[in-house]
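Heads up, upload35.cif below (mmCIF, C-alpha atoms):
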data_my_file
#
loop_
_atom_site.group_PDB
_atom_site.id
_atom_site.type_symbol
_atom_site.label_atom_id
_atom_site.label_comp_id
_atom_site.auth_asym_id
_atom_site.auth_seq_id
_atom_site.Cartn_x
_atom_site.Cartn_y
_atom_site.Cartn_z
ATOM 1 C CA MET A 1 5.726 11.246 -2.385
ATOM 2 C CA HIS A 2 6.822 7.634 -2.034
ATOM 3 C CA GLU A 3 10.399 8.607 -1.233
ATOM 4 C CA LEU A 4 9.200 11.285 1.184
ATOM 5 C CA SER A 5 7.078 8.757 3.080
ATOM 6 C CA LEU A 6 10.047 6.448 3.411
ATOM 7 C CA ALA A 7 12.381 9.283 4.390
ATOM 8 C CA LEU A 8 9.892 10.248 7.103
ATOM 9 C CA GLU A 9 9.970 6.680 8.421
ATOM 10 C CA VAL A 10 13.779 6.738 8.431
ATOM 11 C CA CYS A 11 13.633 9.921 10.515
ATOM 12 C CA ARG A 12 11.098 8.341 12.870
ATOM 13 C CA LEU A 13 13.449 5.417 13.471
ATOM 14 C CA ALA A 14 16.420 7.757 13.931
ATOM 15 C CA GLY A 15 14.295 9.840 16.293
ATOM 16 C CA ASP A 16 13.667 6.714 18.399
ATOM 17 C CA VAL A 17 17.428 6.285 18.711
ATOM 18 C CA LEU A 18 17.784 9.904 19.796
ATOM 19 C CA VAL A 19 15.171 9.484 22.503
ATOM 20 C CA ARG A 20 17.301 6.693 23.939
ATOM 21 C CA GLU A 21 20.430 8.864 23.607
ATOM 22 C CA ARG A 22 19.099 11.718 25.681
ATOM 23 C CA GLY A 23 20.685 15.056 24.853
ATOM 24 C CA ALA A 24 22.807 13.802 21.967
ATOM 25 C CA SER A 25 22.822 15.562 18.618
ATOM 26 C CA VAL A 26 22.860 13.709 15.314
ATOM 27 C CA ARG A 27 25.846 14.010 13.025
ATOM 28 C CA ALA A 28 24.881 11.451 10.409
ATOM 29 C CA ILE A 29 22.419 8.726 9.617
ATOM 30 C CA GLY A 30 23.354 5.754 7.457
ATOM 31 C CA VAL A 31 20.801 4.065 5.233
ATOM 32 C CA ASP A 32 21.137 0.995 2.990
ATOM 33 C CA VAL A 33 19.046 1.428 -0.159
ATOM 34 C CA GLY A 34 18.429 -1.695 -2.231
ATOM 35 C CA ASP A 35 18.495 -1.467 -6.003
ATOM 36 C CA ASP A 36 15.155 -3.359 -6.101
ATOM 37 C CA ALA A 37 13.545 -1.404 -3.263
ATOM 38 C CA GLY A 38 11.469 0.734 -5.625
ATOM 39 C CA ILE A 39 13.280 3.870 -4.574
ATOM 40 C CA GLU A 40 14.780 6.528 -6.785
ATOM 41 C CA LEU A 41 18.024 7.210 -4.955
ATOM 42 C CA GLU A 42 18.467 10.906 -5.738
ATOM 43 C CA ASN A 43 14.825 11.638 -5.008
ATOM 44 C CA PHE A 44 15.162 9.819 -1.690
ATOM 45 C CA ARG A 45 18.361 11.743 -0.891
ATOM 46 C CA PHE A 46 16.584 15.029 -1.682
ATOM 47 C CA CYS A 47 13.709 14.169 0.677
ATOM 48 C CA LEU A 48 16.000 13.011 3.453
ATOM 49 C CA ASP A 49 18.243 16.073 3.144
ATOM 50 C CA ALA A 50 15.167 18.291 3.403
ATOM 51 C CA LEU A 51 13.964 16.507 6.545
ATOM 52 C CA LEU A 52 17.421 16.705 8.117
ATOM 53 C CA LEU A 53 17.162 20.497 8.044
ATOM 54 C CA GLU A 54 14.534 20.257 10.767
ATOM 55 C CA PRO A 55 14.962 19.601 14.517
ATOM 56 C CA PRO A 56 16.154 17.332 16.021
ATOM 57 C CA PHE A 57 18.305 16.545 12.997
ATOM 58 C CA VAL A 58 19.662 20.000 12.132
ATOM 59 C CA GLY A 59 23.224 19.669 10.870
ATOM 60 C CA ALA A 60 23.030 15.923 10.259
ATOM 61 C CA ARG A 61 24.042 14.402 6.944
ATOM 62 C CA ALA A 62 22.497 11.442 5.163
ATOM 63 C CA GLU A 63 24.917 8.713 4.132
ATOM 64 C CA LEU A 64 23.161 6.491 1.626
ATOM 65 C CA GLN A 65 24.683 3.158 0.695
ATOM 66 C CA PRO A 66 23.363 1.510 -2.486
ATOM 67 C CA VAL A 67 23.114 -2.249 -1.960
ATOM 68 C CA ALA A 68 21.669 -5.209 -3.853
ATOM 69 C CA GLY A 69 18.140 -6.409 -3.134
ATOM 70 C CA ASP A 70 14.884 -4.849 -2.008
ATOM 71 C CA VAL A 71 15.993 -3.744 1.441
ATOM 72 C CA LEU A 72 15.653 -0.266 2.888
ATOM 73 C CA ARG A 73 17.332 -0.156 6.258
ATOM 74 C CA LEU A 74 18.521 2.412 8.772
ATOM 75 C CA THR A 75 21.993 1.029 9.463
ATOM 76 C CA TYR A 76 23.457 3.499 11.926
ATOM 77 C CA VAL A 77 23.066 6.842 13.628
ATOM 78 C CA GLU A 78 26.175 8.830 14.419
ATOM 79 C CA VAL A 79 25.643 11.028 17.459
ATOM 80 C CA ASP A 80 27.607 13.530 19.460
ATOM 81 C CA ASP A 81 26.697 13.477 23.123
ATOM 82 C CA GLY A 82 28.585 16.701 23.816
ATOM 83 C CA ARG A 83 30.839 15.180 26.439
ATOM 84 C CA SER A 84 34.613 15.318 26.243
ATOM 85 C CA ASP A 85 36.405 12.254 24.919
ATOM 86 C CA ASP A 86 38.427 11.636 28.076
ATOM 87 C CA MET L 1 33.406 15.756 22.204
ATOM 88 C CA ALA L 2 32.263 12.152 22.068
ATOM 89 C CA VAL L 3 31.089 11.020 18.721
ATOM 90 C CA ARG L 4 29.647 7.542 18.612
ATOM 91 C CA THR L 5 28.165 5.443 15.880
ATOM 92 C CA ILE L 6 25.105 3.549 17.055
ATOM 93 C CA ASP L 7 24.395 0.381 15.111
ATOM 94 C CA VAL L 8 20.680 0.207 14.285
ATOM 95 C CA ARG L 9 20.146 -2.133 11.307
ATOM 96 C CA GLU L 10 16.386 -1.775 11.351
ATOM 97 C CA ARG L 11 14.310 -2.236 8.225
ATOM 98 C CA VAL L 12 12.313 0.868 7.434
ATOM 99 C CA MET L 13 9.224 -1.248 6.729
ATOM 100 C CA ALA L 14 9.532 -3.217 9.974
ATOM 101 C CA ARG L 15 6.979 -1.158 11.906
ATOM 102 C CA ASN L 16 4.453 -1.325 9.081
ATOM 103 C CA ASP L 17 4.968 -5.062 8.682
ATOM 104 C CA LEU L 18 4.429 -5.601 12.392
ATOM 105 C CA LEU L 19 1.183 -3.625 12.330
ATOM 106 C CA ALA L 20 0.088 -5.498 9.193
ATOM 107 C CA ALA L 21 0.665 -8.804 10.963
ATOM 108 C CA GLU L 22 -1.512 -7.584 13.846
ATOM 109 C CA VAL L 23 -4.241 -6.531 11.393
ATOM 110 C CA ARG L 24 -4.083 -9.939 9.706
ATOM 111 C CA CYS L 25 -4.360 -11.641 13.077
ATOM 112 C CA ARG L 26 -7.406 -9.545 14.050
ATOM 113 C CA LEU L 27 -9.118 -10.244 10.737
ATOM 114 C CA GLU L 28 -8.456 -13.969 10.874
ATOM 115 C CA HIS L 29 -9.674 -14.132 14.447
ATOM 116 C CA ALA L 30 -12.886 -12.364 13.412
ATOM 117 C CA GLY L 31 -13.291 -14.539 10.296
ATOM 118 C CA VAL L 32 -13.042 -11.543 7.974
ATOM 119 C CA LEU L 33 -11.572 -11.837 4.499
ATOM 120 C CA ALA L 34 -9.732 -8.720 3.312
ATOM 121 C CA PHE L 35 -8.719 -7.716 -0.188
ATOM 122 C CA ASN L 36 -6.547 -4.715 -1.001
ATOM 123 C CA LEU L 37 -7.589 -3.190 -4.343
ATOM 124 C CA VAL L 38 -4.717 -1.388 -6.032
ATOM 125 C CA SER L 39 -4.571 0.360 -9.379
ATOM 126 C CA SER L 40 -3.520 3.451 -11.227
ATOM 127 C CA PRO L 41 -5.895 6.435 -10.910
ATOM 128 C CA GLY L 42 -8.970 6.174 -13.109
ATOM 129 C CA SER L 43 -9.057 2.398 -13.595
ATOM 130 C CA GLY L 44 -12.627 2.182 -12.363
ATOM 131 C CA LYS L 45 -12.040 0.790 -8.878
ATOM 132 C CA THR L 46 -14.714 2.902 -7.267
ATOM 133 C CA LEU L 47 -17.406 1.982 -9.797
ATOM 134 C CA LEU L 48 -16.435 -1.677 -9.472
ATOM 135 C CA LEU L 49 -16.868 -1.367 -5.713
ATOM 136 C CA GLU L 50 -20.197 0.445 -6.112
ATOM 137 C CA ARG L 51 -21.496 -2.436 -8.241
ATOM 138 C CA THR L 52 -20.089 -4.933 -5.754
ATOM 139 C CA LEU L 53 -21.770 -3.240 -2.810
ATOM 140 C CA GLU L 54 -25.077 -3.062 -4.699
ATOM 141 C CA ALA L 55 -24.973 -6.766 -5.508
ATOM 142 C CA LEU L 56 -23.306 -8.285 -2.447
ATOM 143 C CA GLY L 57 -23.048 -5.646 0.259
ATOM 144 C CA GLU L 58 -25.723 -7.197 2.448
ATOM 145 C CA GLU L 59 -25.179 -10.824 1.477
ATOM 146 C CA LEU L 60 -21.460 -10.800 2.294
ATOM 147 C CA ASP L 61 -21.549 -8.182 5.074
ATOM 148 C CA ILE L 62 -19.052 -6.025 3.218
ATOM 149 C CA ALA L 63 -17.171 -3.217 4.951
ATOM 150 C CA VAL L 64 -15.100 -0.751 2.969
ATOM 151 C CA VAL L 65 -12.059 1.388 3.649
ATOM 152 C CA THR L 66 -11.116 3.933 1.002
ATOM 153 C CA GLY L 67 -7.868 5.820 0.676
ATOM 154 C CA ASP L 68 -7.457 9.073 -1.177
ATOM 155 C CA VAL L 69 -4.771 11.718 -1.187
ATOM 156 C CA GLN L 70 -7.391 14.438 -0.834
ATOM 157 C CA THR L 71 -11.201 14.485 -0.600
ATOM 158 C CA GLN L 72 -13.459 11.675 0.509
ATOM 159 C CA ASN L 73 -15.329 11.622 -2.791
ATOM 160 C CA ASP L 74 -14.917 7.867 -3.249
ATOM 161 C CA ALA L 75 -16.225 7.159 0.244
ATOM 162 C CA ASP L 76 -19.215 9.424 -0.406
ATOM 163 C CA ARG L 77 -19.974 7.579 -3.652
ATOM 164 C CA LEU L 78 -19.716 4.181 -1.968
ATOM 165 C CA ALA L 79 -21.826 5.283 0.995
ATOM 166 C CA ARG L 80 -24.823 5.541 -1.347
ATOM 167 C CA HIS L 81 -24.661 1.787 -1.905
ATOM 168 C CA THR L 82 -24.368 0.504 1.638
ATOM 169 C CA THR L 83 -25.969 1.023 5.002
ATOM 170 C CA ARG L 84 -22.583 0.528 6.625
ATOM 171 C CA LEU L 85 -20.243 3.362 7.472
ATOM 172 C CA VAL L 86 -17.532 3.648 4.814
ATOM 173 C CA GLN L 87 -14.181 4.402 6.401
ATOM 174 C CA ALA L 88 -12.473 7.189 4.478
ATOM 175 C CA VAL L 89 -8.754 7.647 4.962
ATOM 176 C CA VAL L 90 -7.487 10.947 3.569
ATOM 177 C CA THR L 91 -3.751 10.464 3.403
ATOM 178 C CA GLY L 92 -3.019 14.184 3.158
ATOM 179 C CA GLY L 93 -0.383 13.753 0.479
ATOM 180 C CA ALA L 94 0.893 10.237 1.105
ATOM 181 C CA CYS L 95 0.761 8.073 -2.014
ATOM 182 C CA HIS L 96 -0.437 4.850 -0.363
ATOM 183 C CA LEU L 97 -2.302 3.467 2.619
ATOM 184 C CA ASP L 98 -0.260 1.976 5.436
ATOM 185 C CA ALA L 99 -1.053 -0.580 8.106
ATOM 186 C CA SER L 100 -1.454 1.995 10.871
ATOM 187 C CA GLN L 101 -4.330 3.587 8.961
ATOM 188 C CA ILE L 102 -6.014 0.201 8.558
ATOM 189 C CA THR L 103 -5.506 -0.471 12.266
ATOM 190 C CA GLU L 104 -7.366 2.751 13.071
ATOM 191 C CA ALA L 105 -10.085 2.033 10.506
ATOM 192 C CA LEU L 106 -10.663 -1.432 12.003
ATOM 193 C CA ASN L 107 -11.322 0.190 15.368
ATOM 194 C CA ARG L 108 -14.368 1.841 13.780
ATOM 195 C CA ILE L 109 -15.617 -1.224 11.900
ATOM 196 C CA GLU L 110 -17.915 -3.715 13.534
ATOM 197 C CA LEU L 111 -15.897 -6.821 12.695
ATOM 198 C CA ALA L 112 -18.428 -9.154 14.283
ATOM 199 C CA ARG L 113 -20.890 -8.322 11.498
ATOM 200 C CA THR L 114 -18.326 -8.181 8.704
ATOM 201 C CA ARG L 115 -17.293 -11.052 6.462
ATOM 202 C CA LEU L 116 -15.549 -9.197 3.661
ATOM 203 C CA LEU L 117 -13.378 -6.099 3.961
ATOM 204 C CA LEU L 118 -12.545 -4.314 0.735
ATOM 205 C CA ILE L 119 -9.758 -1.757 0.908
ATOM 206 C CA GLU L 120 -9.641 0.726 -1.954
ATOM 207 C CA ASN L 121 -6.051 1.892 -1.935
ATOM 208 C CA VAL L 122 -4.774 5.210 -3.270
ATOM 209 C CA GLY L 123 -4.613 5.152 -7.082
ATOM 210 C CA ASN L 124 -0.942 4.486 -7.709
ATOM 211 C CA LEU L 125 0.801 1.492 -9.256
ATOM 212 C CA VAL L 126 4.107 2.031 -7.474
ATOM 213 C CA CYS L 127 4.032 2.605 -3.721
ATOM 214 C CA PRO L 128 1.052 0.499 -2.576
ATOM 215 C CA ALA L 129 2.912 -2.580 -3.839
ATOM 216 C CA GLY L 130 5.422 -2.245 -1.024
ATOM 217 C CA TRP L 131 3.041 -1.662 1.883
ATOM 218 C CA ASP L 132 1.426 -4.676 3.498
ATOM 219 C CA LEU L 133 -1.940 -3.723 4.987
ATOM 220 C CA GLY L 134 -2.716 -7.107 6.523
ATOM 221 C CA GLU L 135 -4.871 -8.167 3.580
ATOM 222 C CA MET L 136 -5.262 -11.725 2.399
ATOM 223 C CA ALA L 137 -4.428 -10.695 -1.153
ATOM 224 C CA LYS L 138 -3.888 -7.729 -3.387
ATOM 225 C CA ILE L 139 -6.139 -7.333 -6.401
ATOM 226 C CA VAL L 140 -4.731 -5.142 -9.144
ATOM 227 C CA VAL L 141 -7.312 -3.362 -11.291
ATOM 228 C CA PHE L 142 -6.266 -1.983 -14.642
ATOM 229 C CA SER L 143 -8.296 -0.818 -17.556
ATOM 230 C CA VAL L 144 -8.270 -1.020 -21.320
ATOM 231 C CA THR L 145 -7.678 2.725 -21.585
ATOM 232 C CA GLU L 146 -4.182 2.130 -20.214
ATOM 233 C CA GLY L 147 -1.284 0.564 -22.127
ATOM 234 C CA GLU L 148 -0.918 -3.172 -22.653
ATOM 235 C CA ASP L 149 2.568 -2.827 -21.199
ATOM 236 C CA LYS L 150 1.402 -1.602 -17.772
ATOM 237 C CA PRO L 151 2.346 -4.947 -16.161
ATOM 238 C CA LEU L 152 5.842 -4.679 -17.624
ATOM 239 C CA LYS L 153 6.234 -1.063 -16.531
ATOM 240 C CA TYR L 154 5.029 -1.749 -12.990
ATOM 241 C CA PRO L 155 6.122 -5.352 -12.442
ATOM 242 C CA LYS L 156 6.294 -5.196 -8.652
ATOM 243 C CA MET L 157 2.602 -4.400 -8.377
ATOM 244 C CA PHE L 158 1.632 -7.252 -10.673
ATOM 245 C CA ARG L 159 4.064 -9.575 -8.912
ATOM 246 C CA MET L 160 2.619 -8.743 -5.486
ATOM 247 C CA ALA L 161 -0.988 -9.201 -6.615
ATOM 248 C CA SER L 162 -2.795 -12.522 -6.590
ATOM 249 C CA TYR L 163 -5.673 -11.400 -8.797
ATOM 250 C CA ALA L 164 -6.126 -8.922 -11.626
ATOM 251 C CA VAL L 165 -9.234 -7.234 -12.954
ATOM 252 C CA LEU L 166 -9.122 -5.939 -16.526
ATOM 253 C CA ASN L 167 -11.852 -3.313 -16.396
ATOM 254 C CA LYS L 168 -13.749 -1.129 -18.893
ATOM 255 C CA ILE L 169 -13.895 -3.940 -21.465
ATOM 256 C CA ASP L 170 -17.021 -2.327 -22.937
ATOM 257 C CA LEU L 171 -14.631 0.196 -24.510
ATOM 258 C CA LEU L 172 -12.603 -2.422 -26.385
ATOM 259 C CA PRO L 173 -14.429 -1.945 -29.718
ATOM 260 C CA HIS L 174 -13.439 1.715 -29.674
ATOM 261 C CA LEU L 175 -9.772 1.222 -28.829
ATOM 262 C CA GLU L 176 -6.711 -0.453 -30.270
ATOM 263 C CA PHE L 177 -5.997 -2.059 -26.908
ATOM 264 C CA ASP L 178 -4.904 -5.692 -27.266
ATOM 265 C CA ALA L 179 -6.418 -7.439 -24.233
ATOM 266 C CA GLU L 180 -4.673 -10.745 -24.921
ATOM 267 C CA LEU L 181 -1.293 -9.002 -25.067
ATOM 268 C CA ALA L 182 -1.996 -7.134 -21.831
ATOM 269 C CA ILE L 183 -2.912 -10.368 -20.062
ATOM 270 C CA ALA L 184 0.122 -12.168 -21.531
ATOM 271 C CA ASN L 185 2.337 -9.348 -20.235
ATOM 272 C CA ALA L 186 0.824 -9.667 -16.780
ATOM 273 C CA LEU L 187 1.244 -13.446 -16.768
ATOM 274 C CA GLU L 188 4.851 -13.044 -17.849
ATOM 275 C CA VAL L 189 5.444 -11.027 -14.683
ATOM 276 C CA ASN L 190 3.294 -13.264 -12.488
ATOM 277 C CA PRO L 191 2.201 -16.605 -14.000
ATOM 278 C CA ALA L 192 -0.060 -17.322 -11.008
ATOM 279 C CA LEU L 193 -2.204 -14.232 -11.531
ATOM 280 C CA ARG L 194 -5.914 -15.014 -11.895
ATOM 281 C CA PHE L 195 -7.744 -12.671 -14.247
ATOM 282 C CA PHE L 196 -11.235 -11.213 -14.382
ATOM 283 C CA ARG L 197 -12.491 -9.217 -17.349
ATOM 284 C CA THR L 198 -15.140 -6.726 -16.363
ATOM 285 C CA SER L 199 -17.065 -3.664 -17.320
ATOM 286 C CA ALA L 200 -18.324 -2.094 -14.138
ATOM 287 C CA ARG L 201 -20.369 0.254 -16.357
ATOM 288 C CA THR L 202 -22.300 -2.362 -18.368
ATOM 289 C CA GLY L 203 -22.029 -5.244 -15.917
ATOM 290 C CA GLU L 204 -20.196 -7.519 -18.337
ATOM 291 C CA GLY L 205 -18.017 -10.000 -16.471
ATOM 292 C CA LEU L 206 -19.344 -8.987 -13.073
ATOM 293 C CA PRO L 207 -21.091 -12.318 -12.352
ATOM 294 C CA GLU L 208 -17.697 -14.082 -12.416
ATOM 295 C CA TRP L 209 -16.255 -11.385 -10.129
ATOM 296 C CA PHE L 210 -19.178 -11.751 -7.724
ATOM 297 C CA ASP L 211 -18.903 -15.557 -7.756
ATOM 298 C CA PHE L 212 -15.224 -15.257 -6.905
ATOM 299 C CA LEU L 213 -15.963 -12.994 -3.925
ATOM 300 C CA LYS L 214 -18.729 -15.277 -2.693
ATOM 301 C CA SER L 215 -16.618 -18.403 -2.935
ATOM 302 C CA SER L 216 -13.646 -16.667 -1.293
ATOM 303 C CA VAL L 217 -15.778 -15.572 1.650
ATOM 304 C CA GLY L 218 -17.256 -19.069 1.802
ATOM 305 C CA GLN L 219 -13.793 -20.580 2.062
ATOM 306 C CA VAL L 220 -12.907 -18.294 4.981
ATOM 307 C CA ALA L 221 -16.156 -19.186 6.712
ATOM 308 C CA GLY L 222 -15.250 -22.841 6.275
ATOM 309 C CA TRP L 223 -11.899 -22.479 8.012
#

Just give me the structure as structure tokens.
Amino acid sequence: MHELSLALEVCRLAGDVLVRERGASVRAIGVDVGDDAGIELENFRFCLDALLLEPPFVGARAELQPVAGDVLRLTYVEVDDGRSDD
Amino acid sequence: MAVRTIDVRERVMARNDLLAAEVRCRLEHAGVLAFNLVSSPGSGKTLLLERTLEALGEELDIAVVTGDVQTQNDADRLARHTTRLVQAVVTGGACHLDASQITEALNRIELARTRLLLIENVGNLVCPAGWDLGEMAKIVVFSVTEGEDKPLKYPKMFRMASYAVLNKIDLLPHLEFDAELAIANALEVNPALRFFRTSARTGEGLPEWFDFLKSSVGQVAGW
């Protein structure tokens, strides 16, 4: 449940980014996970993957980066705004 | 298509920590001392709080917030020992209380006639260690029916706590629990931890616990 709570908060933060990026879809979210953050990495990945099956994150992947320390941080959100590159 | 990477770099706990700071500010402004009681399930937190409310509820103007995954059984038990409304937070599956729930609970508590706020967190020695609720200190309650190595198994909780209550000491003659070893283990993790040895059932050790609460509230009043 601990990992699920934190994964929900990650999605809330990513959702805030999406609100600012009106109309964009999420391709990936990057999260730094500290080795002293009290988080079981695979459990956290499982929870996050499950949440990313739901709108507005459908199709997005979680990119977890193990780091030193007790930090848990949303580092980036990769979005596709649907416009052409040029 | 235009794929862009948006740099965020936001700590996941940032929102909770901000709310906790606001809670702390509200409590300090109102002159209310708050303790966050954390423990594993079944350590005797609720009975300890029942005894505390019986003895000091009126004298210290104690308000209580309880957190449970399901049911408000603890709040119902505590309500029998106080004329105040006990704020029950049913987390609906979450394994800890967070600062937003305390913020909402404070909106229903008359802070002007409160001097001590006791928060009974969800029974869990892992997650509540990482969530600041705006309390002045965490108090970890553990009991002699658990292992002496609990502090070593859950070091973050014992590191984050300022006080520890070793409860159910009336059972010591019936168990092989080594209280001195348990306390030594806790002090190894956190040398500054102050200990209380209590039996909420028989009342043993409770006078020291009550004196601590009274003097702590007195210190806040003297600020």

**Request:** Might you spell out which residues the PyMOL selection byres ((chain L and resi 27) around 12) would select in the displayed file, as a VMD selection string?
**Result:** chain L and resid 20 to 26 28 to 35 102 to 103 106 to 107 109 to 117 133 to 136 220

**Request:** Using atom CA of Arg12 of chain A and atom CA of Val26 of chain A as the two end points, give the distance in Å to one decimal.
**Result:** 13.2 Å

Using all atoms listed in the file, what table do you get, as a Markdown table, when you list each residue of chain L with an atom no more than 10 Å from chain A, its nearest pair of atoms, and their distance in Å rounded to one decimal, rows by chain then rising number?
| residue | atom | partner | partner_atom | distance |
| --- | --- | --- | --- | --- |
| L:Met1 | CA | A:Ser84 | CA | 4.2 |
| L:Ala2 | CA | A:Asp85 | CA | 5.0 |
| L:Val3 | CA | A:Asp80 | CA | 4.4 |
| L:Arg4 | CA | A:Val79 | CA | 5.4 |
| L:Thr5 | CA | A:Glu78 | CA | 4.2 |
| L:Ile6 | CA | A:Val77 | CA | 5.2 |
| L:Asp7 | CA | A:Tyr76 | CA | 4.6 |
| L:Val8 | CA | A:Tyr76 | CA | 4.9 |
| L:Arg9 | CA | A:Thr75 | CA | 4.1 |
| L:Glu10 | CA | A:Leu74 | CA | 5.4 |
| L:Arg11 | CA | A:Arg73 | CA | 4.2 |
| L:Val12 | CA | A:Arg73 | CA | 5.3 |
| L:Met13 | CA | A:Leu72 | CA | 7.6 |
| L:Ala14 | CA | A:Arg73 | CA | 9.2 |
| L:Arg15 | CA | A:Glu9 | CA | 9.1 |
| L:Asn16 | CA | A:Glu9 | CA | 9.7 |
| L:Gly93 | CA | A:Met1 | CA | 7.2 |
| L:Ala94 | CA | A:Met1 | CA | 6.0 |
| L:Cys95 | CA | A:Met1 | CA | 5.9 |
| L:His96 | CA | A:His2 | CA | 8.0 |
| L:Val126 | CA | A:Gly38 | CA | 7.7 |
| L:Cys127 | CA | A:His2 | CA | 6.0 |
| L:Pro128 | CA | A:His2 | CA | 9.2 |
| L:Ala129 | CA | A:Gly38 | CA | 9.3 |
| L:Gly130 | CA | A:Gly38 | CA | 8.2 |
| L:Lys156 | CA | A:Gly38 | CA | 8.4 |

Please write the residues from the selection above to a file, keeping C-alpha atoms, as a PDB file, in the coordinates of the input.
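Here's the written file result_1.pdb:
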ATOM      1  CA  MET L   1      33.406  15.756  22.204  1.00  0.00           C
ATOM      2  CA  ALA L   2      32.263  12.152  22.068  1.00  0.00           C
ATOM      3  CA  VAL L   3      31.089  11.020  18.721  1.00  0.00           C
ATOM      4  CA  ARG L   4      29.647   7.542  18.612  1.00  0.00           C
ATOM      5  CA  THR L   5      28.165   5.443  15.880  1.00  0.00           C
ATOM      6  CA  ILE L   6      25.105   3.549  17.055  1.00  0.00           C
ATOM      7  CA  ASP L   7      24.395   0.381  15.111  1.00  0.00           C
ATOM      8  CA  VAL L   8      20.680   0.207  14.285  1.00  0.00           C
ATOM      9  CA  ARG L   9      20.146  -2.133  11.307  1.00  0.00           C
ATOM     10  CA  GLU L  10      16.386  -1.775  11.351  1.00  0.00           C
ATOM     11  CA  ARG L  11      14.310  -2.236   8.225  1.00  0.00           C
ATOM     12  CA  VAL L  12      12.313   0.868   7.434  1.00  0.00           C
ATOM     13  CA  MET L  13       9.224  -1.248   6.729  1.00  0.00           C
ATOM     14  CA  ALA L  14       9.532  -3.217   9.974  1.00  0.00           C
ATOM     15  CA  ARG L  15       6.979  -1.158  11.906  1.00  0.00           C
ATOM     16  CA  ASN L  16       4.453  -1.325   9.081  1.00  0.00           C
ATOM     17  CA  GLY L  93      -0.383  13.753   0.479  1.00  0.00           C
ATOM     18  CA  ALA L  94       0.893  10.237   1.105  1.00  0.00           C
ATOM     19  CA  CYS L  95       0.761   8.073  -2.014  1.00  0.00           C
ATOM     20  CA  HIS L  96      -0.437   4.850  -0.363  1.00  0.00           C
ATOM     21  CA  VAL L 126       4.107   2.031  -7.474  1.00  0.00           C
ATOM     22  CA  CYS L 127       4.032   2.605  -3.721  1.00  0.00           C
ATOM     23  CA  PRO L 128       1.052   0.499  -2.576  1.00  0.00           C
ATOM     24  CA  ALA L 129       2.912  -2.580  -3.839  1.00  0.00           C
ATOM     25  CA  GLY L 130       5.422  -2.245  -1.024  1.00  0.00           C
ATOM     26  CA  LYS L 156       6.294  -5.196  -8.652  1.00  0.00           C
TER      27      LYS L 156
END

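Put simply, the PyMOL selection byres ((chain L and resi 64) around 8) on this file hits Ile62, Ala63, Val65, Thr66, Leu85, Val86, Gln87, Leu117, Leu118, Ile119 and Glu120 of chain L.
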
**Message:** Evaluated on this file, the PyMOL selection byres ((chain L and resi 41-55) around 6) picks out some residues - which ones are they, written as a list in words?
**Reply:** Ser40, Leu56, Gly57, Leu78, His81, Gly123, Phe142, Ser143 and Ala200 of chain L

With C-alpha atoms kept, could you save the residues just selected as a PDB file, keeping the file's coordinate frame?
ATOM      1  CA  SER L  40      -3.520   3.451 -11.227  1.00  0.00           C
ATOM      2  CA  LEU L  56     -23.306  -8.285  -2.447  1.00  0.00           C
ATOM      3  CA  GLY L  57     -23.048  -5.646   0.259  1.00  0.00           C
ATOM      4  CA  LEU L  78     -19.716   4.181  -1.968  1.00  0.00           C
ATOM      5  CA  HIS L  81     -24.661   1.787  -1.905  1.00  0.00           C
ATOM      6  CA  GLY L 123      -4.613   5.152  -7.082  1.00  0.00           C
ATOM      7  CA  PHE L 142      -6.266  -1.983 -14.642  1.00  0.00           C
ATOM      8  CA  SER L 143      -8.296  -0.818 -17.556  1.00  0.00           C
ATOM      9  CA  ALA L 200     -18.324  -2.094 -14.138  1.00  0.00           C
TER      10      ALA L 200
END

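The interatomic distance for the pair atom CA of Ser216 of chain L and atom CA of Asp17 of chain L works out to 24.1 Å.
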
**Item:** Residue nearest Leu60 of chain L among L:Asn124, L:Gln101, L:Ser162, L:Thr82 (counting all atoms listed in the file)
**Value:**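 Using all atoms listed in the file, the shortest distance to Leu60 of chain L belongs to L:Thr82.
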
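Distances here use only C-alpha atoms; by that measure, the residue among L:Ala161, L:Leu175, L:Ala88, L:Val189 closest to Val141 of chain L is L:Ala161.
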
**Request:** May I ask for the distance between atom CA of Trp131 of chain L and atom CA of Arg108 of chain L, given in Å to one decimal place?
**Result:**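 Those two atoms sit 21.4 Å apart.
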
N, CA and C atoms are needed for segment 72-77 of chain L; please write them out as a compact mmCIF listing (two decimals), in the coordinates of the input.
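The resulting file, rebuild15.txt, is shown below:
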# COMPACT_ATOMS: atom_id res chain seq x y z
N GLN L 72 -12.90 13.00 0.22
CA GLN L 72 -13.46 11.68 0.51
C GLN L 72 -14.57 11.38 -0.49
N ASN L 73 -14.33 11.81 -1.74
CA ASN L 73 -15.33 11.62 -2.79
C ASN L 73 -15.68 10.16 -3.00
N ASP L 74 -14.65 9.29 -3.01
CA ASP L 74 -14.92 7.87 -3.25
C ASP L 74 -15.77 7.29 -2.12
N ALA L 75 -15.45 7.66 -0.89
CA ALA L 75 -16.23 7.16 0.24
C ALA L 75 -17.67 7.64 0.14
N ASP L 76 -17.86 8.89 -0.26
CA ASP L 76 -19.22 9.42 -0.41
C ASP L 76 -19.99 8.66 -1.48
N ARG L 77 -19.31 8.36 -2.60
CA ARG L 77 -19.97 7.58 -3.65
C ARG L 77 -20.37 6.20 -3.14
